[in-house]
Amino acid sequence: MKEDNLSSMEEFLIVGFSDFPQLKVPLFIAFLLIYLITVMGNLLIMTTVYSNSLLHTPMYFFITNLSFIEITYSSIIFLPMLAHFFLDATHVSLMGCLLQTYLFMVMVVTEVLLLTVMAYDRYVAICNPLRYTAIMNKAACMGMAAGCWIVGSTVPVPHIVQMSYLSFCGSHRINHFFCDVTALIKISCSSTHVIEILTYTLGEILPLSFFLIITSYVKIFSSILKIKSKGGRHKALSTCGSHLTVVILFYGSVCTTYMRPTSTFSVKDNKLISLSYIAVTPLSNPFIYSLKNKEFLRALRRQRVNHEQHVT
């Protein structure tokens, strides 16, 4: 009973990057810039797509969903971390920790599913172009996106329920910059066997999703090779290159972090690897999806010209 009461009133100390006090100001500035660029870049994509009817296509609909995810889970991680730097507010309650973990897991799972749907969208566009409009209609796109969000919001629930029963009778120091599942498991004195099983079960979504994406791209590249026009092949490849780059960045970092036995985890290594998908991937997405996309750049220039004409 005493242990249960203690667990319900837990408060943790987020270690973050306190091991490097001399880097406090440079790290604060660096993370603040990364966060601001991430938010502004992804907001730019969302507003540009919303205000340009030519971009009201399935591909850009899914990209705006992806941008919303990037903004949300960057905020979930970076805002508390920046507060830790600025206010030295490194303590977090068990409820706050579980909430951050849940929201983060929701965003990760939803992004995994969304990237899979986007691969299917590219598959239909290139392998079945005559039926693309009929297959990827508005209702279908809305249903796919809703399915990603519903599944993403549901599957982490067993993790959070199990984690709420953990006891922490030793160190309350979370050697990470957010309430990561693996970091919490490390400091718990309860049996974490069920949570580890759930983690591996949830992790099966990654290889399954990756397999579906690879299968889509095998068929896509097979179709591209049959295109006789060099310009046609280049155009088809350019529509897939951005998505494939994001897939490689995201899956590579997530699999490296979580698809290993907990006994092999090095927390310091995990901090650096986690930054790759928490910071680098959301930061790079606006550049990958906009700067390399001529259609998006034309829409952005048109939006700027219309704004200038409206002002004058």
# chains A, B, ... in the order shown; residues from 1 in each chain; ligands from 1
>>> residues_around(residues="A:Leu13", least_positions_apart="5", cutoff="7 Å", atoms="only C-alpha atoms", output="mmCIF file with N, CA, C and O atoms, in the first residue's frame")
data_model
loop_
_atom_site.group_PDB
_atom_site.id
_atom_site.type_symbol
_atom_site.label_atom_id
_atom_site.label_comp_id
_atom_site.auth_asym_id
_atom_site.auth_seq_id
_atom_site.Cartn_x
_atom_site.Cartn_y
_atom_site.Cartn_z
ATOM 1 N N THR A 90 13.456 21.414 -13.826
ATOM 2 C CA THR A 90 13.761 20.073 -14.320
ATOM 3 C C THR A 90 12.895 18.991 -13.688
ATOM 4 O O THR A 90 13.069 17.817 -13.994
ATOM 5 N N HIS A 91 11.982 19.355 -12.811
ATOM 6 C CA HIS A 91 11.142 18.360 -12.146
ATOM 7 C C HIS A 91 9.822 18.188 -12.891
ATOM 8 O O HIS A 91 9.253 19.147 -13.410
ATOM 9 N N VAL A 92 9.360 16.942 -12.950
ATOM 10 C CA VAL A 92 8.098 16.649 -13.622
ATOM 11 C C VAL A 92 7.373 15.565 -12.830
ATOM 12 O O VAL A 92 7.998 14.653 -12.281
ATOM 13 N N HIS A 172 15.274 8.723 -8.925
ATOM 14 C CA HIS A 172 14.192 9.374 -9.654
ATOM 15 C C HIS A 172 14.749 10.247 -10.774
ATOM 16 O O HIS A 172 14.037 11.101 -11.308
ATOM 17 N N ARG A 173 16.001 10.016 -11.123
ATOM 18 C CA ARG A 173 16.656 10.784 -12.192
ATOM 19 C C ARG A 173 16.426 10.104 -13.545
ATOM 20 O O ARG A 173 16.819 8.960 -13.735
ATOM 21 N N ILE A 174 15.765 10.816 -14.455
ATOM 22 C CA ILE A 174 15.564 10.313 -15.815
ATOM 23 C C ILE A 174 16.708 10.851 -16.664
ATOM 24 O O ILE A 174 16.757 12.047 -16.966
#
>>> residues_around(residues="stretch 157-164 of chain A", least_positions_apart="3", cutoff="7 Å", atoms="only C-alpha atoms", output="PyMOL selection string")
chain A and resi 98+102+154+195+198
>>> write_last_selection(atoms="N, CA and C atoms", output="PDB file, in the first residue's frame")
ATOM      1  N   LEU A  98       3.868  10.712 -17.877  1.00  0.00           N
ATOM      2  CA  LEU A  98       3.074   9.763 -18.658  1.00  0.00           C
ATOM      3  C   LEU A  98       2.337  10.464 -19.794  1.00  0.00           C
ATOM      4  N   TYR A 102       2.815   9.511 -23.628  1.00  0.00           N
ATOM      5  CA  TYR A 102       1.663   9.113 -24.445  1.00  0.00           C
ATOM      6  C   TYR A 102       1.570   9.959 -25.712  1.00  0.00           C
ATOM      7  N   THR A 154      -4.718   5.086 -30.131  1.00  0.00           N
ATOM      8  CA  THR A 154      -5.206   3.933 -29.371  1.00  0.00           C
ATOM      9  C   THR A 154      -4.104   2.983 -28.934  1.00  0.00           C
ATOM     10  N   ILE A 195       5.759  -4.452 -20.123  1.00  0.00           N
ATOM     11  CA  ILE A 195       5.989  -3.248 -20.929  1.00  0.00           C
ATOM     12  C   ILE A 195       6.956  -3.542 -22.072  1.00  0.00           C
ATOM     13  N   LEU A 198       5.037  -5.331 -24.704  1.00  0.00           N
ATOM     14  CA  LEU A 198       4.190  -4.369 -25.413  1.00  0.00           C
ATOM     15  C   LEU A 198       5.019  -3.511 -26.371  1.00  0.00           C
TER      16      LEU A 198
END
>>> select_by_dssp(residues="stretch 31-173 of chain A", states="alpha helix (DSSP H)", output="VMD selection string")
chain A and resid 31 to 51 58 to 87 94 to 127 132 to 135 138 to 154 157 to 163
>>> select_by_dssp(residues="stretch 52-218 of chain A", states="strand (DSSP E)", output="JSON list (two decimals) with all heavy atoms, in the first residue's frame")
[["chain", "number", "residue", "atom", "x", "y", "z"],
["A", 91, "HIS", "N", 11.98, 19.35, -12.81],
["A", 91, "HIS", "CA", 11.14, 18.36, -12.15],
["A", 91, "HIS", "C", 9.82, 18.19, -12.89],
["A", 91, "HIS", "O", 9.25, 19.15, -13.41],
["A", 91, "HIS", "CB", 10.87, 18.77, -10.70],
["A", 91, "HIS", "CG", 12.06, 18.63, -9.82],
["A", 91, "HIS", "ND1", 13.03, 19.61, -9.73],
["A", 91, "HIS", "CD2", 12.45, 17.62, -8.99],
["A", 91, "HIS", "CE1", 13.98, 19.21, -8.89],
["A", 91, "HIS", "NE2", 13.64, 18.02, -8.42],
["A", 92, "VAL", "N", 9.36, 16.94, -12.95],
["A", 92, "VAL", "CA", 8.10, 16.65, -13.62],
["A", 92, "VAL", "C", 7.37, 15.56, -12.83],
["A", 92, "VAL", "O", 8.00, 14.65, -12.28],
["A", 92, "VAL", "CB", 8.34, 16.20, -15.08],
["A", 92, "VAL", "CG1", 9.19, 14.94, -15.14],
["A", 92, "VAL", "CG2", 7.02, 15.96, -15.82],
["A", 93, "SER", "N", 6.06, 15.70, -12.72],
["A", 93, "SER", "CA", 5.27, 14.71, -11.98],
["A", 93, "SER", "C", 5.11, 13.44, -12.82],
["A", 93, "SER", "O", 5.34, 13.43, -14.03],
["A", 93, "SER", "CB", 3.88, 15.29, -11.67],
["A", 93, "SER", "OG", 3.16, 15.49, -12.87],
["A", 173, "ARG", "N", 16.00, 10.02, -11.12],
["A", 173, "ARG", "CA", 16.66, 10.78, -12.19],
["A", 173, "ARG", "C", 16.43, 10.10, -13.55],
["A", 173, "ARG", "O", 16.82, 8.96, -13.73],
["A", 173, "ARG", "CB", 18.17, 10.90, -11.93],
["A", 173, "ARG", "CG", 18.52, 11.80, -10.75],
["A", 173, "ARG", "CD", 19.97, 11.60, -10.34],
["A", 173, "ARG", "NE", 20.88, 11.80, -11.48],
["A", 173, "ARG", "CZ", 21.40, 12.97, -11.83],
["A", 173, "ARG", "NH1", 21.10, 14.06, -11.13],
["A", 173, "ARG", "NH2", 22.21, 13.06, -12.85],
["A", 174, "ILE", "N", 15.76, 10.82, -14.46],
["A", 174, "ILE", "CA", 15.56, 10.31, -15.82],
["A", 174, "ILE", "C", 16.71, 10.85, -16.66],
["A", 174, "ILE", "O", 16.76, 12.05, -16.97],
["A", 174, "ILE", "CB", 14.21, 10.76, -16.38],
["A", 174, "ILE", "CG1", 13.07, 10.18, -15.54],
["A", 174, "ILE", "CG2", 14.07, 10.33, -17.84],
["A", 174, "ILE", "CD1", 11.69, 10.62, -15.99]]
>>> residues_around(residues="stretch 132-149 of chain A", least_positions_apart="6", cutoff="6 Å", atoms="only C-alpha atoms", output="PyMOL selection string")
chain A and resi 110+113+124-125
>>> residues_around(residues="stretch 69-78 of chain A", least_positions_apart="5", cutoff="10 Å", atoms="only C-alpha atoms", output="count of residues only")
38
>>> residues_around(residues="stretch 20-27 of chain A", least_positions_apart="6", cutoff="10 Å", atoms="only C-alpha atoms", output="mmCIF file with C-alpha atoms, in the first residue's frame")
data_model
loop_
_atom_site.group_PDB
_atom_site.id
_atom_site.type_symbol
_atom_site.label_atom_id
_atom_site.label_comp_id
_atom_site.auth_asym_id
_atom_site.auth_seq_id
_atom_site.Cartn_x
_atom_site.Cartn_y
_atom_site.Cartn_z
ATOM 1 C CA LEU A 33 16.403 27.970 -33.299
ATOM 2 C CA LEU A 82 13.630 24.870 -23.310
ATOM 3 C CA PHE A 85 17.232 25.391 -19.771
ATOM 4 C CA PHE A 86 15.664 28.779 -19.123
#
>>> atom_distance(atom1="atom CA of A:Val109", atom2="atom CA of A:Leu212")
15.2 Å
>>> closest_atom_pairs(of="stretch 46-145 of chain A", to="stretch 224-232 of chain A", cutoff="12 Å", atoms="only C-alpha atoms", output="tab-separated table")
residue	atom	partner	partner_atom	distance
A:Arg122	CA	A:Ile224	CA	11.7
A:Tyr123	CA	A:Ile224	CA	10.7
A:Ala125	CA	A:Ile224	CA	11.4
A:Ile126	CA	A:Ile224	CA	7.7
A:Cys127	CA	A:Ile224	CA	8.4
A:Asn128	CA	A:Ile224	CA	11.7
>>> decode(residues="stretch 113-134 of chain A", atoms="N, CA and C atoms", output="PDB file, in the first residue's frame")
ATOM      1  N   LEU A 113       2.250   5.333 -39.671  1.00  0.00           N
ATOM      2  CA  LEU A 113       1.107   4.948 -40.491  1.00  0.00           C
ATOM      3  C   LEU A 113       0.907   5.920 -41.653  1.00  0.00           C
ATOM      4  N   LEU A 114       1.115   7.198 -41.373  1.00  0.00           N
ATOM      5  CA  LEU A 114       0.924   8.218 -42.406  1.00  0.00           C
ATOM      6  C   LEU A 114       1.950   8.074 -43.527  1.00  0.00           C
ATOM      7  N   LEU A 115       3.194   7.772 -43.171  1.00  0.00           N
ATOM      8  CA  LEU A 115       4.221   7.554 -44.187  1.00  0.00           C
ATOM      9  C   LEU A 115       3.876   6.348 -45.065  1.00  0.00           C
ATOM     10  N   THR A 116       3.236   5.343 -44.473  1.00  0.00           N
ATOM     11  CA  THR A 116       2.804   4.171 -45.236  1.00  0.00           C
ATOM     12  C   THR A 116       1.689   4.546 -46.211  1.00  0.00           C
ATOM     13  N   VAL A 117       0.736   5.332 -45.734  1.00  0.00           N
ATOM     14  CA  VAL A 117      -0.358   5.791 -46.594  1.00  0.00           C
ATOM     15  C   VAL A 117       0.175   6.649 -47.737  1.00  0.00           C
ATOM     16  N   MET A 118       1.166   7.474 -47.440  1.00  0.00           N
ATOM     17  CA  MET A 118       1.751   8.331 -48.476  1.00  0.00           C
ATOM     18  C   MET A 118       2.462   7.495 -49.544  1.00  0.00           C
ATOM     19  N   ALA A 119       3.066   6.388 -49.133  1.00  0.00           N
ATOM     20  CA  ALA A 119       3.693   5.489 -50.106  1.00  0.00           C
ATOM     21  C   ALA A 119       2.620   4.869 -51.007  1.00  0.00           C
ATOM     22  N   TYR A 120       1.487   4.499 -50.419  1.00  0.00           N
ATOM     23  CA  TYR A 120       0.380   3.957 -51.206  1.00  0.00           C
ATOM     24  C   TYR A 120      -0.145   5.000 -52.187  1.00  0.00           C
ATOM     25  N   ASP A 121      -0.228   6.248 -51.737  1.00  0.00           N
ATOM     26  CA  ASP A 121      -0.671   7.345 -52.613  1.00  0.00           C
ATOM     27  C   ASP A 121       0.244   7.472 -53.824  1.00  0.00           C
ATOM     28  N   ARG A 122       1.550   7.411 -53.611  1.00  0.00           N
ATOM     29  CA  ARG A 122       2.518   7.497 -54.718  1.00  0.00           C
ATOM     30  C   ARG A 122       2.402   6.273 -55.630  1.00  0.00           C
ATOM     31  N   TYR A 123       2.124   5.120 -55.025  1.00  0.00           N
ATOM     32  CA  TYR A 123       1.963   3.890 -55.812  1.00  0.00           C
ATOM     33  C   TYR A 123       0.773   4.014 -56.773  1.00  0.00           C
ATOM     34  N   VAL A 124      -0.347   4.491 -56.254  1.00  0.00           N
ATOM     35  CA  VAL A 124      -1.533   4.648 -57.102  1.00  0.00           C
ATOM     36  C   VAL A 124      -1.289   5.693 -58.183  1.00  0.00           C
ATOM     37  N   ALA A 125      -0.638   6.806 -57.802  1.00  0.00           N
ATOM     38  CA  ALA A 125      -0.403   7.895 -58.757  1.00  0.00           C
ATOM     39  C   ALA A 125       0.466   7.461 -59.928  1.00  0.00           C
ATOM     40  N   ILE A 126       1.452   6.617 -59.682  1.00  0.00           N
ATOM     41  CA  ILE A 126       2.399   6.230 -60.740  1.00  0.00           C
ATOM     42  C   ILE A 126       2.011   4.919 -61.416  1.00  0.00           C
ATOM     43  N   CYS A 127       1.518   3.972 -60.659  1.00  0.00           N
ATOM     44  CA  CYS A 127       1.203   2.649 -61.223  1.00  0.00           C
ATOM     45  C   CYS A 127      -0.217   2.547 -61.770  1.00  0.00           C
ATOM     46  N   ASN A 128      -1.096   3.425 -61.314  1.00  0.00           N
ATOM     47  CA  ASN A 128      -2.483   3.374 -61.776  1.00  0.00           C
ATOM     48  C   ASN A 128      -3.016   4.795 -61.970  1.00  0.00           C
ATOM     49  N   PRO A 129      -2.344   5.599 -62.810  1.00  0.00           N
ATOM     50  CA  PRO A 129      -2.676   7.033 -62.917  1.00  0.00           C
ATOM     51  C   PRO A 129      -4.088   7.310 -63.421  1.00  0.00           C
ATOM     52  N   LEU A 130      -4.623   6.444 -64.288  1.00  0.00           N
ATOM     53  CA  LEU A 130      -5.955   6.691 -64.854  1.00  0.00           C
ATOM     54  C   LEU A 130      -7.057   6.568 -63.812  1.00  0.00           C
ATOM     55  N   ARG A 131      -6.811   5.801 -62.774  1.00  0.00           N
ATOM     56  CA  ARG A 131      -7.819   5.607 -61.721  1.00  0.00           C
ATOM     57  C   ARG A 131      -7.455   6.349 -60.435  1.00  0.00           C
ATOM     58  N   TYR A 132      -6.396   7.166 -60.504  1.00  0.00           N
ATOM     59  CA  TYR A 132      -5.906   7.845 -59.300  1.00  0.00           C
ATOM     60  C   TYR A 132      -6.986   8.701 -58.640  1.00  0.00           C
ATOM     61  N   THR A 133      -7.659   9.514 -59.440  1.00  0.00           N
ATOM     62  CA  THR A 133      -8.680  10.418 -58.895  1.00  0.00           C
ATOM     63  C   THR A 133      -9.824   9.643 -58.253  1.00  0.00           C
ATOM     64  N   ALA A 134     -10.184   8.528 -58.878  1.00  0.00           N
ATOM     65  CA  ALA A 134     -11.290   7.732 -58.343  1.00  0.00           C
ATOM     66  C   ALA A 134     -10.902   7.017 -57.054  1.00  0.00           C
TER      67      ALA A 134
END
